[in-house]
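Engineer: Structure file data_2.pdb (PDB, C-alpha atoms, pLDDT in the B column) right here:
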```pdb
ATOM      1  CA  MET A  12     -27.580 -80.729 -45.592  1.00 48.00           C
ATOM      2  CA  ALA A  13     -27.593 -76.922 -45.357  1.00 51.00           C
ATOM      3  CA  PRO A  14     -25.606 -76.635 -42.073  1.00 56.00           C
ATOM      4  CA  LEU A  15     -22.654 -78.440 -43.643  1.00 56.00           C
ATOM      5  CA  SER A  16     -22.264 -75.692 -46.219  1.00 62.00           C
ATOM      6  CA  ARG A  17     -21.922 -73.269 -43.307  1.00 81.00           C
ATOM      7  CA  GLY A  18     -19.381 -75.352 -41.396  1.00 86.00           C
ATOM      8  CA  ARG A  19     -16.698 -72.690 -41.037  1.00 87.00           C
ATOM      9  CA  GLU A  20     -19.254 -70.058 -40.039  1.00 90.00           C
ATOM     10  CA  LEU A  21     -20.639 -72.361 -37.331  1.00 93.00           C
ATOM     11  CA  LEU A  22     -17.118 -73.182 -36.161  1.00 94.00           C
ATOM     12  CA  ALA A  23     -16.262 -69.481 -35.864  1.00 93.00           C
ATOM     13  CA  ALA A  24     -19.429 -68.909 -33.809  1.00 95.00           C
ATOM     14  CA  ALA A  25     -18.549 -71.838 -31.530  1.00 96.00           C
ATOM     15  CA  VAL A  26     -15.010 -70.506 -31.035  1.00 96.00           C
ATOM     16  CA  GLY A  27     -16.462 -67.120 -30.089  1.00 96.00           C
ATOM     17  CA  TYR A  28     -18.814 -68.735 -27.579  1.00 97.00           C
ATOM     18  CA  ALA A  29     -15.979 -70.786 -26.015  1.00 97.00           C
ATOM     19  CA  LEU A  30     -13.791 -67.686 -25.730  1.00 97.00           C
ATOM     20  CA  ALA A  31     -16.599 -65.677 -24.117  1.00 96.00           C
ATOM     21  CA  SER A  32     -17.225 -68.546 -21.693  1.00 97.00           C
ATOM     22  CA  ALA A  33     -13.534 -68.553 -20.712  1.00 96.00           C
ATOM     23  CA  ALA A  34     -13.362 -64.766 -20.231  1.00 95.00           C
ATOM     24  CA  PRO A  35     -14.128 -64.889 -16.464  1.00 95.00           C
ATOM     25  CA  VAL A  36     -11.473 -67.558 -15.727  1.00 95.00           C
ATOM     26  CA  THR A  37      -8.951 -66.562 -13.084  1.00 94.00           C
ATOM     27  CA  PRO A  38      -6.111 -68.660 -11.629  1.00 93.00           C
ATOM     28  CA  GLN A  39      -8.257 -69.179  -8.533  1.00 94.00           C
ATOM     29  CA  LEU A  40     -10.986 -70.861 -10.606  1.00 95.00           C
ATOM     30  CA  LEU A  41      -8.708 -73.360 -12.385  1.00 95.00           C
ATOM     31  CA  PRO A  42      -9.115 -76.146  -9.766  1.00 96.00           C
ATOM     32  CA  ARG A  43     -12.924 -75.963  -9.923  1.00 96.00           C
ATOM     33  CA  ALA A  44     -14.910 -78.985 -11.080  1.00 95.00           C
ATOM     34  CA  THR A  45     -16.637 -78.998 -14.469  1.00 95.00           C
ATOM     35  CA  PRO A  46     -19.458 -81.101 -15.950  1.00 93.00           C
ATOM     36  CA  CYS A  47     -16.740 -83.323 -17.507  1.00 90.00           C
ATOM     37  CA  PRO A  48     -16.242 -86.100 -14.901  1.00 88.00           C
ATOM     38  CA  GLY A  49     -12.814 -85.925 -13.276  1.00 90.00           C
ATOM     39  CA  TRP A  50     -11.787 -82.774 -15.140  1.00 94.00           C
ATOM     40  CA  ASP A  51     -11.132 -79.488 -13.409  1.00 96.00           C
ATOM     41  CA  LEU A  52     -11.307 -76.199 -15.283  1.00 96.00           C
ATOM     42  CA  ALA A  53      -7.567 -76.175 -16.062  1.00 95.00           C
ATOM     43  CA  ARG A  54      -7.711 -79.634 -17.661  1.00 95.00           C
ATOM     44  CA  LEU A  55     -10.846 -78.745 -19.618  1.00 96.00           C
ATOM     45  CA  LEU A  56      -9.233 -75.574 -20.987  1.00 96.00           C
ATOM     46  CA  ASP A  57      -6.190 -77.605 -22.075  1.00 94.00           C
ATOM     47  CA  HIS A  58      -8.478 -80.134 -23.783  1.00 95.00           C
ATOM     48  CA  VAL A  59     -10.356 -77.402 -25.633  1.00 96.00           C
ATOM     49  CA  SER A  60      -7.052 -75.861 -26.763  1.00 95.00           C
ATOM     50  CA  GLU A  61      -5.924 -79.246 -28.080  1.00 93.00           C
ATOM     51  CA  SER A  62      -9.275 -79.763 -29.832  1.00 93.00           C
ATOM     52  CA  MET A  63      -8.887 -76.382 -31.525  1.00 94.00           C
ATOM     53  CA  ALA A  64      -5.357 -77.330 -32.598  1.00 92.00           C
ATOM     54  CA  VAL A  65      -6.560 -80.626 -34.114  1.00 90.00           C
ATOM     55  CA  VAL A  66      -9.430 -78.997 -36.017  1.00 91.00           C
ATOM     56  CA  HIS A  67      -7.086 -76.251 -37.228  1.00 90.00           C
ATOM     57  CA  GLU A  68      -4.592 -78.826 -38.437  1.00 89.00           C
ATOM     58  CA  ALA A  69      -7.284 -80.828 -40.222  1.00 87.00           C
ATOM     59  CA  LEU A  70      -8.665 -77.777 -42.016  1.00 86.00           C
ATOM     60  CA  VAL A  71      -5.269 -76.365 -42.970  1.00 85.00           C
ATOM     61  CA  THR A  72      -3.347 -79.536 -43.893  1.00 79.00           C
ATOM     62  CA  GLY A  73      -6.175 -81.870 -44.930  1.00 78.00           C
ATOM     63  CA  GLY A  74      -5.545 -84.340 -42.121  1.00 74.00           C
ATOM     64  CA  THR A  75      -4.253 -84.896 -38.608  1.00 74.00           C
ATOM     65  CA  GLY A  76      -0.899 -86.109 -37.328  1.00 68.00           C
ATOM     66  CA  ARG A  77       0.932 -83.798 -39.718  1.00 53.00           C
ATOM     67  CA  ARG A  78       1.732 -80.865 -37.489  1.00 53.00           C
ATOM     68  CA  PRO A  79       4.921 -80.449 -35.489  1.00 46.00           C
ATOM     69  CA  GLY A  80       4.790 -80.451 -31.710  1.00 46.00           C
ATOM     70  CA  PRO A  81       3.608 -77.387 -29.826  1.00 49.00           C
ATOM     71  CA  PRO A  82       5.838 -74.338 -30.125  1.00 51.00           C
ATOM     72  CA  GLY A  83       8.318 -73.699 -27.363  1.00 51.00           C
ATOM     73  CA  TYR A  84       7.968 -70.582 -25.274  1.00 47.00           C
ATOM     74  CA  PRO A  85      10.834 -68.401 -24.096  1.00 50.00           C
ATOM     75  CA  GLY A  86      10.376 -68.703 -20.360  1.00 50.00           C
ATOM     76  CA  PRO A  87       7.397 -70.226 -18.580  1.00 56.00           C
ATOM     77  CA  ALA A  88       4.574 -71.601 -20.716  1.00 60.00           C
ATOM     78  CA  PRO A  89       1.487 -69.391 -20.752  1.00 72.00           C
ATOM     79  CA  GLY A  90      -1.506 -70.301 -18.637  1.00 88.00           C
ATOM     80  CA  PRO A  91      -4.455 -72.272 -19.999  1.00 93.00           C
ATOM     81  CA  VAL A  92      -6.553 -69.231 -20.917  1.00 93.00           C
ATOM     82  CA  VAL A  93      -3.702 -67.635 -22.874  1.00 93.00           C
ATOM     83  CA  ARG A  94      -3.109 -70.932 -24.705  1.00 93.00           C
ATOM     84  CA  LEU A  95      -6.838 -71.171 -25.449  1.00 95.00           C
ATOM     85  CA  ARG A  96      -6.826 -67.679 -26.949  1.00 94.00           C
ATOM     86  CA  GLU A  97      -3.751 -68.470 -29.068  1.00 94.00           C
ATOM     87  CA  HIS A  98      -5.336 -71.632 -30.481  1.00 94.00           C
ATOM     88  CA  ALA A  99      -8.643 -69.821 -31.016  1.00 94.00           C
ATOM     89  CA  THR A 100      -6.892 -67.085 -33.010  1.00 92.00           C
ATOM     90  CA  ARG A 101      -5.254 -69.671 -35.269  1.00 91.00           C
ATOM     91  CA  LEU A 102      -8.498 -71.566 -35.726  1.00 91.00           C
ATOM     92  CA  LEU A 103     -10.473 -68.420 -36.528  1.00 90.00           C
ATOM     93  CA  GLY A 104      -7.871 -67.695 -39.219  1.00 86.00           C
ATOM     94  CA  ALA A 105      -8.714 -71.078 -40.754  1.00 82.00           C
ATOM     95  CA  CYS A 106     -12.454 -70.319 -40.656  1.00 78.00           C
ATOM     96  CA  GLY A 107     -12.150 -67.807 -43.491  1.00 69.00           C
ATOM     97  CA  PRO A 108     -12.788 -68.590 -47.128  1.00 57.00           C
ATOM     98  CA  ALA A 109      -9.652 -70.769 -47.488  1.00 52.00           C
ATOM     99  CA  GLY A 110     -10.361 -74.116 -49.119  1.00 54.00           C
ATOM    100  CA  ALA A 111     -13.500 -75.700 -50.518  1.00 57.00           C
ATOM    101  CA  ALA A 112     -16.144 -76.982 -48.115  1.00 60.00           C
ATOM    102  CA  GLY A 113     -16.142 -80.354 -49.881  1.00 65.00           C
ATOM    103  CA  ARG A 114     -12.355 -80.760 -49.778  1.00 73.00           C
ATOM    104  CA  PRO A 115     -11.440 -84.171 -48.338  1.00 73.00           C
ATOM    105  CA  VAL A 116      -9.862 -84.344 -44.888  1.00 78.00           C
ATOM    106  CA  SER A 117      -8.346 -87.534 -43.511  1.00 76.00           C
ATOM    107  CA  ILE A 118      -8.912 -88.243 -39.804  1.00 75.00           C
ATOM    108  CA  ALA A 119      -8.194 -91.577 -38.117  1.00 70.00           C
ATOM    109  CA  GLY A 120      -8.265 -93.423 -41.411  1.00 74.00           C
ATOM    110  CA  ARG A 121     -11.569 -91.896 -42.501  1.00 76.00           C
ATOM    111  CA  GLU A 122     -12.124 -89.361 -45.211  1.00 81.00           C
ATOM    112  CA  LEU A 123     -14.500 -86.534 -44.351  1.00 81.00           C
ATOM    113  CA  THR A 124     -15.236 -83.178 -45.931  1.00 82.00           C
ATOM    114  CA  ALA A 125     -13.675 -80.038 -44.514  1.00 83.00           C
ATOM    115  CA  SER A 126     -17.157 -78.718 -43.792  1.00 85.00           C
ATOM    116  CA  LEU A 127     -18.130 -81.819 -41.813  1.00 87.00           C
ATOM    117  CA  VAL A 128     -14.938 -81.498 -39.764  1.00 88.00           C
ATOM    118  CA  ALA A 129     -15.807 -77.850 -39.096  1.00 90.00           C
ATOM    119  CA  VAL A 130     -19.350 -78.729 -37.966  1.00 92.00           C
ATOM    120  CA  ALA A 131     -18.086 -81.543 -35.707  1.00 91.00           C
ATOM    121  CA  GLY A 132     -15.569 -79.082 -34.260  1.00 93.00           C
ATOM    122  CA  ALA A 133     -18.371 -76.575 -33.702  1.00 95.00           C
ATOM    123  CA  ILE A 134     -20.360 -79.141 -31.703  1.00 95.00           C
ATOM    124  CA  GLU A 135     -17.298 -80.031 -29.587  1.00 94.00           C
ATOM    125  CA  LEU A 136     -16.356 -76.418 -28.888  1.00 97.00           C
ATOM    126  CA  THR A 137     -19.930 -75.371 -28.158  1.00 97.00           C
ATOM    127  CA  VAL A 138     -20.545 -78.052 -25.559  1.00 96.00           C
ATOM    128  CA  HIS A 139     -17.155 -77.462 -23.963  1.00 96.00           C
ATOM    129  CA  GLY A 140     -17.788 -73.716 -24.026  1.00 97.00           C
ATOM    130  CA  TRP A 141     -20.883 -74.475 -21.978  1.00 97.00           C
ATOM    131  CA  ASP A 142     -18.833 -76.745 -19.677  1.00 97.00           C
ATOM    132  CA  ILE A 143     -16.305 -73.933 -19.136  1.00 97.00           C
ATOM    133  CA  SER A 144     -19.068 -71.499 -18.241  1.00 96.00           C
ATOM    134  CA  VAL A 145     -20.452 -73.939 -15.682  1.00 96.00           C
ATOM    135  CA  GLY A 146     -16.969 -74.420 -14.233  1.00 95.00           C
ATOM    136  CA  CYS A 147     -16.807 -70.635 -13.816  1.00 94.00           C
ATOM    137  CA  GLY A 148     -20.190 -70.652 -12.057  1.00 92.00           C
ATOM    138  CA  ALA A 149     -21.882 -68.708 -14.850  1.00 87.00           C
ATOM    139  CA  CYS A 150     -23.767 -71.380 -16.867  1.00 85.00           C
ATOM    140  CA  ARG A 151     -23.925 -69.171 -19.988  1.00 91.00           C
ATOM    141  CA  PRO A 152     -26.638 -70.469 -22.329  1.00 94.00           C
ATOM    142  CA  VAL A 153     -25.633 -71.720 -25.751  1.00 96.00           C
ATOM    143  CA  PRO A 154     -26.552 -68.996 -28.263  1.00 96.00           C
ATOM    144  CA  PRO A 155     -29.991 -69.975 -29.623  1.00 94.00           C
ATOM    145  CA  GLY A 156     -29.070 -69.418 -33.279  1.00 94.00           C
ATOM    146  CA  LEU A 157     -26.068 -71.732 -32.938  1.00 95.00           C
ATOM    147  CA  ALA A 158     -27.962 -74.365 -30.958  1.00 96.00           C
ATOM    148  CA  VAL A 159     -30.890 -74.516 -33.412  1.00 96.00           C
ATOM    149  CA  ILE A 160     -28.504 -75.440 -36.221  1.00 94.00           C
ATOM    150  CA  LEU A 161     -26.202 -77.750 -34.266  1.00 96.00           C
ATOM    151  CA  LEU A 162     -28.876 -79.806 -32.448  1.00 95.00           C
ATOM    152  CA  PRO A 163     -30.216 -81.774 -35.462  1.00 94.00           C
ATOM    153  CA  VAL A 164     -26.680 -82.208 -36.820  1.00 92.00           C
ATOM    154  CA  ALA A 165     -25.468 -83.552 -33.463  1.00 94.00           C
ATOM    155  CA  GLN A 166     -28.369 -85.999 -33.423  1.00 93.00           C
ATOM    156  CA  LEU A 167     -27.230 -87.305 -36.823  1.00 91.00           C
ATOM    157  CA  LEU A 168     -23.488 -87.327 -36.115  1.00 88.00           C
ATOM    158  CA  ILE A 169     -23.651 -88.902 -32.642  1.00 90.00           C
ATOM    159  CA  PRO A 170     -25.664 -92.149 -32.773  1.00 87.00           C
ATOM    160  CA  PRO A 171     -25.923 -94.216 -29.569  1.00 88.00           C
ATOM    161  CA  ASP A 172     -23.154 -96.651 -30.547  1.00 87.00           C
ATOM    162  CA  THR A 173     -20.554 -93.851 -30.841  1.00 84.00           C
ATOM    163  CA  ARG A 174     -21.287 -92.234 -27.462  1.00 85.00           C
ATOM    164  CA  PRO A 175     -19.238 -94.420 -25.069  1.00 82.00           C
ATOM    165  CA  GLY A 176     -16.068 -92.609 -24.059  1.00 79.00           C
ATOM    166  CA  LEU A 177     -17.202 -89.397 -25.752  1.00 81.00           C
ATOM    167  CA  PHE A 178     -20.582 -88.400 -24.347  1.00 85.00           C
ATOM    168  CA  ALA A 179     -22.803 -89.582 -21.511  1.00 86.00           C
ATOM    169  CA  ASP A 180     -26.322 -90.742 -22.329  1.00 90.00           C
ATOM    170  CA  PRO A 181     -28.767 -87.959 -23.186  1.00 93.00           C
ATOM    171  CA  VAL A 182     -30.403 -86.297 -20.200  1.00 93.00           C
ATOM    172  CA  GLN A 183     -34.199 -86.344 -20.200  1.00 92.00           C
ATOM    173  CA  LEU A 184     -35.655 -82.879 -19.819  1.00 91.00           C
ATOM    174  CA  ALA A 185     -38.746 -82.264 -17.746  1.00 85.00           C
ATOM    175  CA  GLY A 186     -40.931 -80.060 -19.881  1.00 84.00           C
ATOM    176  CA  PRO A 187     -40.266 -77.721 -22.803  1.00 88.00           C
ATOM    177  CA  ALA A 188     -36.734 -76.430 -23.320  1.00 91.00           C
ATOM    178  CA  GLY A 189     -34.925 -74.157 -25.733  1.00 93.00           C
ATOM    179  CA  ALA A 190     -32.546 -75.489 -28.363  1.00 95.00           C
ATOM    180  CA  GLY A 191     -29.487 -74.681 -26.225  1.00 95.00           C
ATOM    181  CA  ASP A 192     -30.722 -76.739 -23.280  1.00 95.00           C
ATOM    182  CA  GLN A 193     -31.773 -79.532 -25.655  1.00 96.00           C
ATOM    183  CA  LEU A 194     -28.300 -79.604 -27.201  1.00 96.00           C
ATOM    184  CA  VAL A 195     -26.573 -79.696 -23.823  1.00 95.00           C
ATOM    185  CA  ALA A 196     -28.951 -82.424 -22.628  1.00 96.00           C
ATOM    186  CA  PHE A 197     -28.461 -84.460 -25.797  1.00 96.00           C
ATOM    187  CA  LEU A 198     -24.721 -84.346 -25.152  1.00 94.00           C
ATOM    188  CA  GLY A 199     -25.183 -85.784 -21.656  1.00 93.00           C
ATOM    189  CA  ARG A 200     -25.239 -82.670 -19.481  1.00 94.00           C
ATOM    190  CA  HIS A 201     -27.875 -81.321 -17.098  1.00 92.00           C
ATOM    191  CA  PRO A 202     -28.758 -77.898 -18.526  1.00 90.00           C
ATOM    192  CA  ARG A 203     -29.293 -76.469 -15.041  1.00 80.00           C
ATOM    193  CA  PRO A 204     -26.570 -78.082 -12.914  1.00 67.00           C
ATOM    194  CA  PRO A 205     -26.903 -77.723  -9.120  1.00 60.00           C
ATOM    195  CA  GLY A 206     -25.251 -74.582  -7.822  1.00 57.00           C
ATOM    196  CA  SER A 207     -25.098 -72.880 -11.216  1.00 54.00           C
ATOM    197  CA  ALA A 208     -26.147 -69.292 -11.728  1.00 49.00           C
ATOM    198  CA  GLY A 209     -28.425 -70.252 -14.639  1.00 45.00           C
TER
END
```
Using structure tokens, write down the structure from this file.
Structural biologist:
Amino acid sequence: MAPLSRGRELLAAAVGYALASAAPVTPQLLPRATPCPGWDLARLLDHVSESMAVVHEALVTGGTGRRPGPPGYPGPAPGPVVRLREHATRLLGACGPAGAAGRPVSIAGRELTASLVAVAGAIELTVHGWDISVGCGACRPVPPGLAVILLPVAQLLIPPDTRPGLFADPVQLAGPAGAGDQLVAFLGRHPRPPGSAG
């Protein structure tokens, strides 16, 4: 599958989208609700940072559960946006040419390719980048070029039996929609949530 050979490129694009979505975050916005049930913006940002750390670890070490705990900070820990940027910088460093796309990566007892891990990470970071933008009140659309590639891959990687606990059921769209809205809807979100600027 062609997108898998571009896994790191797609992951880098998804990281960029998530960072751009988080750019408007201020401390005042952190308690705001997001499309992730029960998660405010602060919790979502922490989750995205952790997701970036896990994908980084998998790509760099060939598996998960091998990294030491988070680094200590002299003084108060940075806020969620600063942590997100730090993890994004590390992950973008791993998106370069290091390692073969077909290199095996062990996650939860399964062996995947590094490229498949990168594509799965791109899907996760793209949808959560969209969630962050909604939490900020912006509802930034998923970049069309990214969505067109990720949509068919998401449909293959996320069959109905794997959705519980990860994604809500797909949202039915009324009428034609672009690839970004289709991707968001497939991952259980309403592309035009009430009260959004989109």
Engineer: Using the chain letters and numbering of this document, enumerate as an NGL selection string the residues selected by the PyMOL selection byres ((chain A and resi 197-199) around 10).
Structural biologist: :A and (46-47 or 134-135 or 138 or 162 or 165-166 or 169 or 174 or 177-184 or 191-196 or 200-202)
Engineer: For the structure provided, state which residues fall under the PyMOL selection byres ((chain A and resi 70) around 9), and present them as a PyMOL selection string.
Structural biologist: chain A and resi 65-69+71-74+102+105-106+109-110+116+125-126+128-129
Engineer: Grab the atom CA of Met63 of chain A to atom CA of Arg203 of chain A distance for me, in Å with one decimal place.
Structural biologist: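 Distance between the two atoms: 26.2 Å.
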Engineer: When the PyMOL selection byres ((chain A and resi 32) around 12) is applied to the structure above, which residues does it catch, written out as a PDB file with C-alpha atoms, in the coordinates of the input?
Structural biologist:
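Heads up, here's the output in expr.pdb:
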```pdb
ATOM      1  CA  ALA A  25     -18.549 -71.838 -31.530  1.00 96.00           C
ATOM      2  CA  VAL A  26     -15.010 -70.506 -31.035  1.00 96.00           C
ATOM      3  CA  GLY A  27     -16.462 -67.120 -30.089  1.00 96.00           C
ATOM      4  CA  TYR A  28     -18.814 -68.735 -27.579  1.00 97.00           C
ATOM      5  CA  ALA A  29     -15.979 -70.786 -26.015  1.00 97.00           C
ATOM      6  CA  LEU A  30     -13.791 -67.686 -25.730  1.00 97.00           C
ATOM      7  CA  ALA A  31     -16.599 -65.677 -24.117  1.00 96.00           C
ATOM      8  CA  ALA A  33     -13.534 -68.553 -20.712  1.00 96.00           C
ATOM      9  CA  ALA A  34     -13.362 -64.766 -20.231  1.00 95.00           C
ATOM     10  CA  PRO A  35     -14.128 -64.889 -16.464  1.00 95.00           C
ATOM     11  CA  VAL A  36     -11.473 -67.558 -15.727  1.00 95.00           C
ATOM     12  CA  LEU A  52     -11.307 -76.199 -15.283  1.00 96.00           C
ATOM     13  CA  LEU A  56      -9.233 -75.574 -20.987  1.00 96.00           C
ATOM     14  CA  VAL A  59     -10.356 -77.402 -25.633  1.00 96.00           C
ATOM     15  CA  VAL A  92      -6.553 -69.231 -20.917  1.00 93.00           C
ATOM     16  CA  LEU A  95      -6.838 -71.171 -25.449  1.00 95.00           C
ATOM     17  CA  ARG A  96      -6.826 -67.679 -26.949  1.00 94.00           C
ATOM     18  CA  LEU A 136     -16.356 -76.418 -28.888  1.00 97.00           C
ATOM     19  CA  THR A 137     -19.930 -75.371 -28.158  1.00 97.00           C
ATOM     20  CA  VAL A 138     -20.545 -78.052 -25.559  1.00 96.00           C
ATOM     21  CA  HIS A 139     -17.155 -77.462 -23.963  1.00 96.00           C
ATOM     22  CA  GLY A 140     -17.788 -73.716 -24.026  1.00 97.00           C
ATOM     23  CA  TRP A 141     -20.883 -74.475 -21.978  1.00 97.00           C
ATOM     24  CA  ASP A 142     -18.833 -76.745 -19.677  1.00 97.00           C
ATOM     25  CA  ILE A 143     -16.305 -73.933 -19.136  1.00 97.00           C
ATOM     26  CA  SER A 144     -19.068 -71.499 -18.241  1.00 96.00           C
ATOM     27  CA  VAL A 145     -20.452 -73.939 -15.682  1.00 96.00           C
ATOM     28  CA  GLY A 146     -16.969 -74.420 -14.233  1.00 95.00           C
ATOM     29  CA  CYS A 147     -16.807 -70.635 -13.816  1.00 94.00           C
ATOM     30  CA  GLY A 148     -20.190 -70.652 -12.057  1.00 92.00           C
ATOM     31  CA  ALA A 149     -21.882 -68.708 -14.850  1.00 87.00           C
ATOM     32  CA  CYS A 150     -23.767 -71.380 -16.867  1.00 85.00           C
ATOM     33  CA  ARG A 151     -23.925 -69.171 -19.988  1.00 91.00           C
ATOM     34  CA  PRO A 152     -26.638 -70.469 -22.329  1.00 94.00           C
ATOM     35  CA  VAL A 153     -25.633 -71.720 -25.751  1.00 96.00           C
ATOM     36  CA  PRO A 154     -26.552 -68.996 -28.263  1.00 96.00           C
TER      37      PRO A 154
END
```
Engineer: Could you check the closest approach to Gly156 of chain A for each of A:Ala24, A:Thr173, A:Ala185, A:Glu61 and tell me which residue wins, using only C-alpha atoms?
Structural biologist: A:Ala24
Engineer: Just to confirm, what's the straight-line distance from atom CA of Val164 of chain A to atom CA of Gly18 of chain A in Å (one decimal)?
Structural biologist: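 Atom CA of Val164 of chain A sits 11.0 Å away from atom CA of Gly18 of chain A.
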Engineer: Any idea what the distance is between atom CA of Asp172 of chain A and atom CA of Leu127 of chain A?
Structural biologist: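 Value for the atom CA of Asp172 of chain A-atom CA of Leu127 of chain A distance: 19.3 Å.
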Engineer: Taking all atoms listed in the file into account, which of A:Leu123, A:Ser62, A:Trp50, A:Ser117 comes nearest Arg94 of chain A?
Structural biologist: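 The shortest atom-to-atom distance to Arg94 of chain A comes from A:Ser62.
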Engineer: Measuring atom to atom with all atoms listed in the file, identify which of A:Pro187, A:Arg17, A:Glu97, A:Thr37 is nearest to Val130 of chain A.
Structural biologist: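 When distances to Val130 of chain A are compared using all atoms listed in the file, the smallest one comes from A:Arg17.
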